[in-house]
$ cat final_38.txt   # compact mmCIF, C-alpha atoms
# COMPACT_ATOMS: atom_id res chain seq x y z
CA MET A 1 -40.71 -36.43 -45.65
CA ARG A 2 -40.93 -33.37 -43.42
CA ARG A 3 -42.05 -33.44 -39.83
CA SER A 4 -42.27 -30.81 -37.18
CA HIS A 5 -42.83 -30.89 -33.47
CA GLU A 6 -42.87 -28.49 -30.57
CA ASN A 7 -42.51 -28.77 -26.81
CA LYS A 8 -42.03 -26.31 -23.99
CA TYR A 9 -38.34 -25.83 -24.75
CA ALA A 10 -37.82 -26.23 -28.46
CA VAL A 11 -39.21 -26.43 -31.97
CA TYR A 12 -38.12 -29.34 -34.16
CA LEU A 13 -38.07 -29.40 -37.94
CA MET A 14 -37.03 -32.69 -39.48
CA THR A 15 -36.34 -33.45 -43.12
CA GLU A 16 -34.83 -36.52 -44.79
CA ALA A 17 -31.34 -35.17 -44.35
CA LEU A 18 -31.40 -32.93 -41.29
CA MET A 19 -32.82 -32.36 -37.84
CA HIS A 20 -33.19 -28.69 -37.05
CA ILE A 21 -33.83 -27.81 -33.39
CA ILE A 22 -34.61 -24.26 -32.34
CA TYR A 23 -34.41 -23.61 -28.62
CA LYS A 24 -36.99 -21.18 -27.31
CA LYS A 25 -36.28 -17.90 -25.58
CA ASP A 26 -35.47 -17.25 -21.95
CA LEU A 27 -35.68 -20.71 -20.55
CA CYS A 28 -33.25 -22.30 -18.21
CA ILE A 29 -32.28 -25.68 -19.60
CA ASP A 30 -32.04 -27.95 -16.57
CA LEU A 31 -31.82 -31.72 -16.45
CA ARG A 32 -35.55 -32.25 -16.83
CA ALA A 33 -35.66 -29.91 -19.82
CA ALA A 34 -32.66 -31.65 -21.41
CA GLN A 35 -34.32 -35.03 -20.97
CA LEU A 36 -37.49 -33.85 -22.64
CA ILE A 37 -35.57 -32.24 -25.49
CA VAL A 38 -33.66 -35.47 -26.13
CA GLN A 39 -36.72 -37.67 -25.71
CA ASP A 40 -38.69 -35.76 -28.34
CA ARG A 41 -35.77 -35.69 -30.75
CA MET A 42 -35.34 -39.44 -30.46
CA MET A 43 -39.05 -39.99 -30.89
CA LEU A 44 -38.99 -38.02 -34.14
CA GLN A 45 -35.85 -39.69 -35.44
CA ASN A 46 -37.03 -43.17 -34.60
CA ALA A 47 -33.54 -44.69 -34.63
CA ARG A 48 -32.43 -42.91 -37.81
CA GLU A 49 -29.02 -41.30 -37.47
CA MET A 50 -28.74 -37.80 -38.90
CA PRO A 51 -26.90 -34.48 -38.63
CA VAL A 52 -28.39 -31.95 -36.21
CA LEU A 53 -28.50 -28.18 -36.40
CA CYS A 54 -29.05 -26.72 -32.95
CA ASP A 55 -30.14 -23.09 -32.89
CA ILE A 56 -29.28 -21.97 -29.36
CA ARG A 57 -29.25 -18.23 -30.05
CA GLU A 58 -32.03 -17.51 -27.56
CA VAL A 59 -30.67 -19.75 -24.81
CA ARG A 60 -29.32 -17.97 -21.76
CA ARG A 61 -28.61 -20.80 -19.37
CA VAL A 62 -27.84 -24.51 -19.49
CA ASN A 63 -26.89 -25.91 -16.11
CA LYS A 64 -24.30 -28.58 -15.43
CA PRO A 65 -26.52 -31.63 -15.02
CA ALA A 66 -28.17 -30.70 -18.33
CA ARG A 67 -24.83 -30.23 -20.09
CA ASP A 68 -23.59 -33.60 -18.85
CA TYR A 69 -26.78 -35.28 -19.99
CA LEU A 70 -26.75 -33.67 -23.43
CA ALA A 71 -23.10 -34.63 -23.95
CA LEU A 72 -23.54 -38.34 -23.34
CA GLU A 73 -27.09 -39.65 -23.24
CA GLY A 74 -28.26 -36.83 -25.44
CA SER A 75 -25.81 -37.30 -28.28
CA GLN A 76 -27.11 -40.57 -29.65
CA TRP A 77 -28.25 -40.92 -33.25
CA ILE A 78 -26.41 -37.74 -34.20
CA THR A 79 -23.82 -37.95 -36.97
CA ALA A 80 -22.64 -34.34 -36.73
CA LEU A 81 -23.72 -31.38 -34.66
CA ALA A 82 -23.63 -27.67 -35.46
CA PHE A 83 -24.59 -24.98 -32.97
CA LEU A 84 -26.01 -21.76 -34.33
CA ILE A 85 -24.88 -19.02 -31.96
CA ASP A 86 -25.19 -15.30 -31.47
CA PRO A 87 -22.14 -13.86 -29.67
CA PRO A 88 -21.31 -13.10 -27.00
CA VAL A 89 -23.58 -15.10 -24.69
CA THR A 90 -24.30 -18.24 -26.69
CA ASP A 91 -20.72 -18.21 -27.96
CA VAL A 92 -19.58 -18.60 -24.37
CA ILE A 93 -22.13 -21.31 -23.67
CA SER A 94 -21.08 -23.40 -26.65
CA SER A 95 -17.35 -22.85 -26.01
CA ILE A 96 -17.58 -24.05 -22.44
CA TYR A 97 -19.74 -26.99 -23.44
CA LEU A 98 -17.32 -28.02 -26.16
CA GLY A 99 -14.29 -27.38 -23.98
CA THR A 100 -15.43 -29.42 -21.01
CA HIS A 101 -17.12 -32.40 -22.62
CA ALA A 102 -15.55 -35.06 -24.79
CA GLN A 103 -17.27 -35.10 -28.17
CA THR A 104 -18.04 -38.37 -29.83
CA ILE A 105 -19.14 -36.68 -33.06
CA PRO A 106 -17.93 -33.73 -35.16
CA THR A 107 -19.26 -30.64 -33.41
CA ARG A 108 -18.76 -26.92 -34.09
CA SER A 109 -20.39 -23.55 -33.54
CA PHE A 110 -21.35 -21.09 -36.25
CA THR A 111 -22.84 -17.65 -36.43
CA LYS A 112 -24.00 -18.16 -40.02
CA LYS A 113 -26.59 -20.75 -40.83
CA SER A 114 -25.17 -21.37 -44.29
CA GLU A 115 -21.77 -22.27 -42.87
CA ALA A 116 -23.36 -24.54 -40.30
CA LEU A 117 -25.28 -26.35 -43.01
CA ALA A 118 -22.13 -26.73 -45.11
CA PHE A 119 -20.33 -28.24 -42.12
CA LEU A 120 -23.15 -30.69 -41.49
CA LYS A 121 -23.25 -31.66 -45.13
CA LYS A 122 -19.55 -32.37 -45.11
CA HIS A 123 -19.35 -34.24 -41.79
CA GLY A 124 -22.79 -35.62 -41.24
CA GLN A 125 -23.25 -37.76 -44.33
CA LEU A 126 -24.23 -41.27 -43.49
CA MET B 1 -30.08 0.50 -10.86
CA PRO B 2 -29.77 -3.30 -10.85
CA ASN B 3 -29.12 -3.21 -14.56
CA THR B 4 -26.31 -0.70 -14.72
CA ASP B 5 -22.94 -2.09 -15.75
CA ASP B 6 -21.44 -0.91 -12.50
CA PHE B 7 -23.92 -2.89 -10.48
CA ARG B 8 -23.48 -6.00 -12.59
CA VAL B 9 -19.69 -5.84 -12.33
CA LYS B 10 -19.94 -5.52 -8.54
CA ARG B 11 -22.01 -8.70 -8.45
CA ILE B 12 -19.42 -10.49 -10.56
CA GLN B 13 -16.70 -9.38 -8.15
CA LYS B 14 -18.70 -10.72 -5.19
CA MET B 15 -19.11 -14.02 -6.96
CA LEU B 16 -15.39 -14.25 -7.78
CA LEU B 17 -14.59 -13.49 -4.17
CA GLU B 18 -16.75 -16.40 -3.02
CA MET B 19 -15.09 -18.68 -5.53
CA ALA B 20 -11.68 -17.57 -4.28
CA LYS B 21 -12.77 -18.60 -0.80
CA GLY B 22 -13.66 -22.02 -2.14
CA ASN B 23 -17.42 -21.50 -2.06
CA PHE B 24 -18.72 -22.86 -5.34
CA PHE B 25 -22.37 -23.06 -4.42
CA TYR B 26 -23.37 -19.51 -5.31
CA SER B 27 -24.47 -18.36 -8.74
CA LEU B 28 -25.25 -15.09 -10.48
CA GLU B 29 -28.71 -14.14 -11.63
CA PRO B 30 -28.94 -14.88 -15.34
CA SER B 31 -30.21 -12.08 -17.57
CA ASP B 32 -31.86 -12.12 -20.95
CA LYS B 33 -29.39 -9.61 -22.37
CA ASN B 34 -26.85 -10.51 -24.98
CA ASP B 35 -23.95 -8.21 -24.15
CA ASN B 36 -20.41 -8.73 -22.91
CA ILE B 37 -21.25 -8.54 -19.23
CA ALA B 38 -24.07 -11.04 -19.70
CA SER B 39 -21.62 -13.38 -21.40
CA LEU B 40 -19.23 -13.02 -18.46
CA VAL B 41 -22.04 -13.85 -16.05
CA VAL B 42 -22.98 -16.94 -18.05
CA MET B 43 -19.37 -17.99 -18.26
CA LEU B 44 -18.75 -17.48 -14.57
CA ASN B 45 -21.81 -19.54 -13.66
CA MET B 46 -20.73 -22.37 -15.93
CA VAL B 47 -17.08 -22.32 -14.89
CA ASN B 48 -18.22 -22.27 -11.30
CA GLU B 49 -20.35 -25.37 -11.86
CA GLU B 50 -17.46 -27.16 -13.54
CA ILE B 51 -15.01 -26.31 -10.75
CA ALA B 52 -17.55 -27.29 -8.12
CA ALA B 53 -18.09 -30.64 -9.78
CA ALA B 54 -14.37 -31.24 -10.20
CA PHE B 55 -13.72 -30.11 -6.67
CA ILE B 56 -16.31 -32.23 -4.93
CA HIS B 57 -15.42 -35.13 -7.12
CA GLN B 58 -11.71 -34.73 -6.46
CA GLY B 59 -12.53 -34.07 -2.87
CA PHE B 60 -14.11 -37.46 -2.71
CA ALA B 61 -11.40 -39.15 -4.69
CA ASN B 62 -8.47 -37.50 -2.98
CA ALA B 63 -9.97 -36.55 0.32
CA HIS B 64 -7.95 -39.00 2.34
CA ASN B 65 -6.25 -36.23 4.24
CA THR B 66 -8.30 -33.14 3.49
CA PRO B 67 -11.08 -32.25 5.86
CA GLN B 68 -14.30 -31.53 4.03
CA CYS B 69 -16.34 -28.73 5.40
CA ILE B 70 -20.08 -29.16 5.31
CA ILE B 71 -22.17 -26.09 5.81
CA GLN B 72 -25.75 -26.63 6.56
CA LEU B 73 -28.57 -24.36 5.62
CA SER B 74 -31.17 -25.01 8.26
CA LEU B 75 -34.36 -23.17 9.16
CA ILE B 76 -37.43 -23.77 11.28
CA LEU B 77 -40.58 -22.04 10.10
CA ASP B 78 -44.09 -21.82 11.43
CA ALA B 79 -46.98 -23.09 9.35
CA LYS B 80 -47.31 -19.73 7.61
CA GLY B 81 -43.69 -19.81 6.53
CA GLN B 82 -42.36 -17.28 9.02
CA ILE B 83 -38.80 -17.98 10.14
CA GLU B 84 -38.49 -18.99 13.81
CA LEU B 85 -34.97 -20.34 13.95
CA VAL B 86 -31.85 -20.08 11.82
CA THR B 87 -28.47 -21.74 12.27
CA ASN B 88 -25.20 -19.85 12.09
CA GLY B 89 -24.38 -21.66 8.87
CA THR B 90 -27.57 -20.28 7.35
CA CYS B 91 -26.64 -16.75 8.30
CA SER B 92 -23.17 -17.11 6.82
CA LEU B 93 -24.52 -18.61 3.62
CA LEU B 94 -27.02 -15.80 3.16
CA SER B 95 -24.60 -13.16 4.52
CA CYS B 96 -27.19 -11.99 7.05
CA MET B 97 -27.40 -11.60 10.80
CA PRO B 98 -29.89 -13.84 12.65
CA LYS B 99 -31.98 -10.79 13.52
CA ASP B 100 -32.35 -10.00 9.81
CA LEU B 101 -33.87 -13.40 9.22
CA ILE B 102 -35.96 -14.26 12.26
CA GLY B 103 -39.54 -13.16 11.83
CA LYS B 104 -39.19 -12.77 8.07
CA HIS B 105 -41.28 -14.80 5.69
CA ILE B 106 -39.31 -17.48 3.85
CA THR B 107 -40.47 -16.18 0.47
CA GLU B 108 -38.67 -12.89 1.13
CA LEU B 109 -35.42 -14.84 0.72
CA LEU B 110 -36.42 -16.59 -2.50
CA THR B 111 -36.35 -15.71 -6.17
CA GLU B 112 -39.70 -15.18 -7.89
CA ASN B 113 -39.53 -18.62 -9.44
CA SER B 114 -38.94 -20.26 -6.11
CA GLN B 115 -41.65 -18.17 -4.45
CA ARG B 116 -44.08 -19.69 -6.92
CA THR B 117 -42.71 -23.19 -6.29
CA TRP B 118 -43.04 -22.66 -2.56
CA SER B 119 -46.61 -21.45 -2.56
CA LYS B 120 -47.70 -24.07 -5.08
CA LYS B 121 -46.11 -27.09 -3.44
CA MET B 122 -46.45 -26.31 0.24
CA VAL B 123 -50.26 -26.08 0.24
CA LYS B 124 -50.51 -29.82 -0.22
CA HIS B 125 -47.90 -30.67 2.39
CA LEU B 126 -49.38 -28.36 5.01
CA LYS B 127 -52.70 -30.18 4.78
CA ARG B 128 -51.08 -33.23 6.33
CA ASP B 129 -49.91 -33.66 9.91
CA ARG B 130 -46.53 -34.89 8.77
CA SER B 131 -45.02 -34.67 5.37
CA GLU B 132 -41.65 -34.66 3.68
CA THR B 133 -40.53 -33.44 0.34
CA VAL B 134 -37.55 -32.13 -1.57
CA LEU B 135 -37.91 -28.78 -3.31
CA PHE B 136 -35.40 -27.10 -5.58
CA LEU B 137 -35.17 -23.56 -4.20
CA GLU B 138 -33.18 -20.50 -5.16
CA PHE B 139 -32.27 -18.20 -2.29
CA ILE B 140 -30.98 -14.67 -2.77
CA THR B 141 -28.20 -13.69 -0.41
CA ASN B 142 -27.79 -10.27 1.12
CA ASP B 143 -25.07 -9.65 -1.49
CA GLY B 144 -27.44 -10.46 -4.33
CA LEU B 145 -25.89 -13.82 -5.22
CA PHE B 146 -28.07 -16.84 -5.92
CA LEU B 147 -27.92 -19.96 -3.83
CA ALA B 148 -29.74 -22.77 -5.61
CA LYS B 149 -30.11 -26.18 -4.06
CA ASP B 150 -32.43 -29.09 -3.42
CA CYS B 151 -33.85 -28.57 0.05
CA GLN B 152 -35.26 -31.24 2.28
CA ILE B 153 -38.50 -29.97 3.80
CA SER B 154 -40.34 -31.67 6.65
CA VAL B 155 -43.66 -30.65 8.09
CA TYR B 156 -44.29 -31.79 11.67
CA GLN B 157 -46.50 -31.08 14.67
CA ALA B 158 -44.87 -29.19 17.53
CA LEU B 159 -45.07 -31.09 20.83
CA ASP B 160 -46.18 -28.06 22.81
CA GLY B 161 -49.38 -27.89 20.81
CA SER B 162 -48.42 -24.75 18.94
CA GLY B 163 -49.36 -26.42 15.68
CA GLN B 164 -47.51 -27.20 12.53
CA LYS B 165 -43.87 -26.36 11.92
CA ILE B 166 -41.64 -26.66 8.91
CA VAL B 167 -37.98 -27.70 8.94
CA LEU B 168 -35.92 -26.78 5.89
CA ASN B 169 -32.48 -28.29 5.38
CA SER B 170 -29.78 -28.35 2.77
CA VAL B 171 -26.10 -29.19 2.76
CA PHE B 172 -23.25 -27.44 0.94
CA PHE B 173 -19.72 -28.66 0.50
CA SER B 174 -16.95 -26.20 0.83
CA LYS B 175 -13.21 -26.11 0.79
CA GLY B 176 -11.29 -25.15 3.88
CA GLU B 177 -12.98 -23.73 6.91
CA PRO B 178 -14.70 -20.51 5.90
CA PHE B 179 -17.04 -20.44 8.85
CA GLU B 180 -14.83 -22.21 11.36
CA THR B 181 -17.46 -24.68 12.43
CA GLY B 182 -18.91 -27.96 11.35
CA LEU B 183 -15.77 -29.90 10.49
CA PRO B 184 -16.78 -33.53 10.30
CA LYS B 185 -14.63 -35.93 12.28
CA ASN B 186 -14.83 -38.69 9.71
CA LYS B 187 -13.17 -38.35 6.36
CA LEU B 188 -15.38 -38.78 3.35
CA LYS B 189 -14.59 -41.69 1.11
CA VAL B 190 -16.12 -43.14 -1.98
CA THR B 191 -15.30 -46.75 -1.26
CA LYS B 192 -14.38 -48.61 1.82
CA GLY B 193 -10.87 -49.05 0.54
CA ILE B 194 -8.80 -51.50 2.47
CA LYS B 195 -5.53 -50.13 1.31
CA GLU B 196 -4.92 -46.67 0.00
CA HIS B 197 -2.90 -46.68 -3.16
CA LYS B 198 -1.26 -43.32 -3.56
CA VAL B 199 0.25 -42.48 -6.88
CA THR B 200 2.18 -39.32 -7.51
CA LEU B 201 0.83 -37.88 -10.72
CA THR B 202 2.68 -35.34 -12.81
CA PRO B 203 0.66 -32.91 -14.96
CA GLU B 204 1.54 -35.11 -17.95
CA ASP B 205 0.17 -38.17 -16.15
CA ILE B 206 -3.06 -36.34 -15.40
CA GLN B 207 -3.32 -35.28 -19.04
CA MET B 208 -2.71 -38.87 -20.12
CA ILE B 209 -5.38 -40.21 -17.76
CA ARG B 210 -7.84 -37.60 -19.03
CA GLU B 211 -7.13 -38.84 -22.53
CA VAL B 212 -7.89 -42.39 -21.43
CA HIS B 213 -11.13 -41.11 -19.90
CA ASP B 214 -12.18 -39.33 -23.09
CA THR B 215 -11.14 -42.23 -25.31
CA ILE B 216 -13.29 -44.59 -23.30
CA LEU B 217 -16.22 -42.18 -23.55
CA ASN B 218 -15.84 -41.96 -27.30
CA ASN B 219 -15.61 -45.72 -27.76
CA LEU B 220 -18.22 -47.06 -25.40
CA ASP B 221 -19.38 -49.66 -27.90
CA LYS B 222 -15.92 -51.16 -28.34
CA ASP B 223 -14.07 -53.66 -26.17
CA LEU B 224 -11.51 -52.15 -23.88
CA PRO B 225 -8.03 -53.67 -24.13
CA SER B 226 -6.52 -55.09 -20.96
CA LEU B 227 -5.11 -52.53 -18.55
CA LYS B 228 -1.65 -53.76 -19.38
CA ASP B 229 -2.12 -53.15 -23.10
CA LEU B 230 -3.86 -49.85 -22.49
CA ALA B 231 -0.99 -48.70 -20.28
CA LEU B 232 1.48 -49.75 -22.95
CA GLN B 233 -0.47 -47.81 -25.59
CA MET B 234 -0.42 -44.70 -23.44
CA GLY B 235 3.25 -45.09 -22.61
CA THR B 236 2.75 -45.64 -18.90
CA ASN B 237 2.58 -48.56 -16.50
CA GLU B 238 -0.42 -50.51 -15.36
CA TYR B 239 -0.12 -49.43 -11.73
CA LYS B 240 -0.10 -45.73 -12.52
CA LEU B 241 -2.98 -46.08 -14.97
CA LYS B 242 -5.08 -48.13 -12.59
CA TYR B 243 -4.63 -46.17 -9.39
CA GLY B 244 -4.15 -42.82 -11.11
CA PHE B 245 -7.53 -43.18 -12.80
CA LYS B 246 -9.13 -44.14 -9.53
CA GLN B 247 -7.50 -41.18 -7.83
CA ILE B 248 -8.70 -38.69 -10.40
CA TYR B 249 -12.11 -40.06 -11.25
CA GLY B 250 -12.97 -41.86 -8.04
CA THR B 251 -13.84 -45.11 -9.77
CA THR B 252 -12.06 -47.92 -11.60
CA ILE B 253 -11.62 -47.87 -15.36
CA PHE B 254 -13.89 -50.84 -15.89
CA ARG B 255 -16.58 -49.60 -13.55
CA PHE B 256 -16.49 -46.23 -15.30
CA LEU B 257 -16.88 -47.94 -18.67
CA THR B 258 -19.87 -49.93 -17.48
CA GLU B 259 -21.50 -46.90 -15.84
CA GLU B 260 -21.24 -44.78 -18.98
CA ARG B 261 -22.51 -47.64 -21.15
CA LEU B 262 -25.48 -48.01 -18.85
CA ARG B 263 -26.28 -44.29 -19.03
CA LYS B 264 -26.48 -44.46 -22.81
CA SER B 265 -28.47 -47.67 -22.74
CA LYS B 266 -31.00 -46.19 -20.36
CA THR B 267 -31.88 -43.43 -22.81
CA LEU B 268 -32.26 -45.97 -25.60
CA ILE B 269 -34.50 -48.16 -23.49
CA GLN B 270 -36.70 -45.21 -22.67
CA HIS B 271 -36.89 -43.50 -26.04
CA SER B 272 -36.41 -46.11 -28.74
CA ASN B 273 -38.10 -49.26 -29.94
CA LEU B 274 -34.85 -51.16 -30.28
CA SER B 275 -34.86 -54.57 -28.67
CA LEU B 276 -33.00 -54.92 -25.38
CA LYS B 277 -30.64 -57.37 -27.06
CA GLU B 278 -29.78 -54.79 -29.72
CA ILE B 279 -29.25 -52.09 -27.11
CA ALA B 280 -27.00 -54.37 -25.06
CA HIS B 281 -24.98 -55.22 -28.11
CA MET B 282 -24.75 -51.61 -29.36
CA ASN B 283 -23.33 -50.53 -26.04
CA GLY B 284 -20.67 -53.17 -25.83
CA PHE B 285 -22.32 -55.65 -23.48
CA LYS B 286 -21.47 -59.25 -24.24
CA SER B 287 -24.88 -60.67 -23.44
CA ALA B 288 -28.37 -59.46 -22.68
CA ALA B 289 -28.18 -61.24 -19.34
CA HIS B 290 -25.02 -59.46 -18.33
CA PHE B 291 -26.53 -56.15 -19.45
CA SER B 292 -29.69 -56.79 -17.49
CA ARG B 293 -27.78 -57.65 -14.34
CA ALA B 294 -25.50 -54.62 -14.52
CA PHE B 295 -28.48 -52.39 -15.25
CA ARG B 296 -30.38 -53.67 -12.25
CA ASP B 297 -27.36 -53.17 -10.01
CA LYS B 298 -27.19 -49.52 -11.02
CA TYR B 299 -30.80 -48.46 -11.43
CA GLY B 300 -32.56 -50.90 -9.12
CA LYS B 301 -34.74 -52.33 -11.86
CA THR B 302 -34.16 -54.42 -14.94
CA PRO B 303 -34.33 -52.99 -18.49
CA THR B 304 -37.55 -54.92 -19.01
CA ASP B 305 -39.11 -53.31 -15.93
CA LEU B 306 -38.08 -49.87 -17.16
CA ARG B 307 -39.64 -50.38 -20.53
CA GLY B 308 -42.73 -51.71 -18.79
$ encode --input "final_38.txt" --output "structure tokens"
Amino acid sequence: MRRSHENKYAVYLMTEALMHIIYKKDLCIDLRAAQLIVQDRMMLQNAREMPVLCDIREVRRVNKPARDYLALEGSQWITALAFLIDPPVTDVISSIYLGTHAQTIPTRSFTKKSEALAFLKKHGQL
Amino acid sequence: MPNTDDFRVKRIQKMLLEMAKGNFFYSLEPSDKNDNIASLVVMLNMVNEEIAAAFIHQGFANAHNTPQCIIQLSLILDAKGQIELVTNGTCSLLSCMPKDLIGKHITELLTENSQRTWSKKMVKHLKRDRSETVLFLEFITNDGLFLAKDCQISVYQALDGSGQKIVLNSVFFSKGEPFETGLPKNKLKVTKGIKEHKVTLTPEDIQMIREVHDTILNNLDKDLPSLKDLALQMGTNEYKLKYGFKQIYGTTIFRFLTEERLRKSKTLIQHSNLSLKEIAHMNGFKSAAHFSRAFRDKYGKTPTDLRG
């Protein structure tokens, strides 16, 4: 079963085994944006836990309230999380996020999609 | 010009200088570039937010003897948005002289985004005699730094019949006394503590308490052992764990646990079809009734009300 969805901030592609979220370009992710992003993801997942691939390569700013929200409220129903990044900017964003928030699930950043998928396959199996 | 590396580095230096002074409320304009300087700007903004949060938080938790400085951004505008009065704090914050500000239109101080917010939102409020709202506005200082904050805006009628006026207010916390005014007489405290428990914490103790904090966060659904057992596990004593945690995080271990559980539950209530009983159970609450009560205490309404 494949499903897709789009809102102002991201595009979602969901398959049986993976949730793929692509953040759109040039938007500041603030608390309200983070809440919408999480809300739509949870609506699509409908209580099914799965690994998530987060493509943040076009993101340029995620503010603190949004980071805090994504780290706790926003990490539910995720078995493993891989960020797809494009150094240097998104590398810095993911490093600070990972360095300042306690992770409840296996989380890592990758520049190659194939490596990210391999990581999710290994750590995100239910 | 604004995009040359030289110019961007100068901005970064200005920002670092403000941080060195203890002013964590500025930020740098984000760019859509993906180069090394852009990554430094992003990093500086994020680090700044983290320090600010830690600082204000620690300020509250440990402020027993440290005076907190509150700098107020305060402006009076006429109905068109022209600045009639500025406080000294405002001038310092924006690194301007009063004469640079008085007579200017408020939008000249705002970023494009905020200019749009201002013109969109204020139309409605200016139609009324009196009105209050909170707008998130980004100011640009004379040095080119951003100052982003929720601002309280009140529209009122001047008594002398000169028509509508607008008051704009916002408050910034700062360390030390950068502008030498506005020191509050009363110390800020989180709780009305009867007795102040002071614990001397070594860097290792702080590290240990952070571990406790993170462990709790990662195990919200599980029961917490008693403080005595937890202290034993972490190789410390109950007193140090209890009051050290309070000192660092400004709340008790058990209150922190409940708060974080409630945050997660709230999202599940809003975005899932799980029953309230399931949600309560998943987040470590013993009973739906207990969950409901704790939820109402924090959010002012019961889980059932929220789901509506």
$ residues_near_point --input "final_38.txt" --point "(-17.4, -29.8, -42.3)" --cutoff "12 Å" --atoms "only C-alpha atoms" --output "mmCIF file with C-alpha atoms, in the frame of the given file"
data_model
loop_
_atom_site.group_PDB
_atom_site.id
_atom_site.type_symbol
_atom_site.label_atom_id
_atom_site.label_comp_id
_atom_site.auth_asym_id
_atom_site.auth_seq_id
_atom_site.Cartn_x
_atom_site.Cartn_y
_atom_site.Cartn_z
ATOM 1 C CA PRO A 51 -26.900 -34.480 -38.630
ATOM 2 C CA THR A 79 -23.820 -37.950 -36.970
ATOM 3 C CA ALA A 80 -22.640 -34.340 -36.730
ATOM 4 C CA LEU A 81 -23.720 -31.380 -34.660
ATOM 5 C CA ALA A 82 -23.630 -27.670 -35.460
ATOM 6 C CA ILE A 105 -19.140 -36.680 -33.060
ATOM 7 C CA PRO A 106 -17.930 -33.730 -35.160
ATOM 8 C CA THR A 107 -19.260 -30.640 -33.410
ATOM 9 C CA ARG A 108 -18.760 -26.920 -34.090
ATOM 10 C CA SER A 109 -20.390 -23.550 -33.540
ATOM 11 C CA PHE A 110 -21.350 -21.090 -36.250
ATOM 12 C CA SER A 114 -25.170 -21.370 -44.290
ATOM 13 C CA GLU A 115 -21.770 -22.270 -42.870
ATOM 14 C CA ALA A 116 -23.360 -24.540 -40.300
ATOM 15 C CA LEU A 117 -25.280 -26.350 -43.010
ATOM 16 C CA ALA A 118 -22.130 -26.730 -45.110
ATOM 17 C CA PHE A 119 -20.330 -28.240 -42.120
ATOM 18 C CA LEU A 120 -23.150 -30.690 -41.490
ATOM 19 C CA LYS A 121 -23.250 -31.660 -45.130
ATOM 20 C CA LYS A 122 -19.550 -32.370 -45.110
ATOM 21 C CA HIS A 123 -19.350 -34.240 -41.790
ATOM 22 C CA GLY A 124 -22.790 -35.620 -41.240
ATOM 23 C CA GLN A 125 -23.250 -37.760 -44.330
#
$ residues_around --input "final_38.txt" --residues "Asp78 (chain B)" --least-positions-apart "4" --cutoff "8 Å" --atoms "all atoms listed in the file" --output "list in words"
Gln82, Ile83, Glu84, Gln164, Lys165 and Ile166 of chain B
$ closest_residue --input "final_38.txt" --among "A:Met1, A:Ala102, A:Met43, A:Val62" --to "Leu18 (chain A)" --atoms "all atoms listed in the file"
A:Met1
$ closest_atom_pairs --input "final_38.txt" --of "chain B" --to "chain A" --cutoff "10 Å" --atoms "all atoms listed in the file" --output "CSV"
residue,atom,partner,partner_atom,distance
B:Pro30,CA,A:Arg60,CA,7.1
B:Ser31,CA,A:Arg60,CA,7.3
B:Asp32,CA,A:Asp26,CA,6.4
B:Lys33,CA,A:Val89,CA,8.3
B:Asn34,CA,A:Val89,CA,5.6
B:Asp35,CA,A:Pro88,CA,6.2
B:Asn36,CA,A:Pro88,CA,6.1
B:Ile37,CA,A:Val89,CA,8.8
B:Ala38,CA,A:Val89,CA,6.5
B:Ser39,CA,A:Val89,CA,4.2
B:Leu40,CA,A:Val89,CA,7.9
B:Val41,CA,A:Val89,CA,8.9
B:Val42,CA,A:Val89,CA,6.9
B:Met43,CA,A:Val92,CA,6.1
B:Leu44,CA,A:Val92,CA,9.9
B:Asn45,CA,A:Asn63,CA,8.5
B:Met46,CA,A:Asn63,CA,7.1
B:Val47,CA,A:Ile96,CA,7.8
B:Asn48,CA,A:Lys64,CA,9.7
B:Glu49,CA,A:Lys64,CA,6.2
B:Glu50,CA,A:Lys64,CA,7.2
B:Ala53,CA,A:Lys64,CA,8.6
B:Arg210,CA,A:Ala102,CA,10.0
B:Glu211,CA,A:Ala102,CA,9.5
B:His213,CA,A:Ala102,CA,8.9
B:Asp214,CA,A:Ala102,CA,5.7
B:Thr215,CA,A:Ala102,CA,8.4
B:Ile216,CA,A:Ala102,CA,9.9
B:Leu217,CA,A:Ala102,CA,7.3
B:Asn218,CA,A:Thr104,CA,4.9
B:Asn219,CA,A:Thr104,CA,8.0
B:Leu220,CA,A:Thr104,CA,9.8
B:Glu260,CA,A:Leu72,CA,8.1
B:Arg261,CA,A:Glu73,CA,9.4
B:Leu262,CA,A:Glu73,CA,9.6
B:Arg263,CA,A:Glu73,CA,6.3
B:Lys264,CA,A:Glu73,CA,4.9
B:Ser265,CA,A:Glu73,CA,8.2
B:Lys266,CA,A:Glu73,CA,8.1
B:Thr267,CA,A:Glu73,CA,6.1
B:Leu268,CA,A:Gln76,CA,8.5
B:Gln270,CA,A:Gln39,CA,8.1
B:His271,CA,A:Gln39,CA,5.8
B:Ser272,CA,A:Asn46,CA,6.6
B:Asn273,CA,A:Asn46,CA,7.7
B:Leu274,CA,A:Ala47,CA,7.9
$ atom_distance --input "final_38.txt" --atom1 "CA of Asp305 (chain B)" --atom2 "CA of Asn283 (chain B)"
18.9 Å
$ residues_around --input "final_38.txt" --residues "Arg128 (chain B)" --least-positions-apart "2" --cutoff "12 Å" --atoms "all atoms listed in the file" --output "ChimeraX atom specification"
/B:79,122-126,130-132,154-157,163-166
$ atom_distance --input "final_38.txt" --atom1 "CA of Asp143 (chain B)" --atom2 "CA of Leu94 (chain B)"
8.0 Å
$ residues_around --input "final_38.txt" --residues "Glu259 (chain B)" --least-positions-apart "5" --cutoff "10 Å" --atoms "only C-alpha atoms" --output "list in words"
Thr251, Ile253, Phe254, Lys264, Ser265, Ala294, Phe295 and Lys298 of chain B
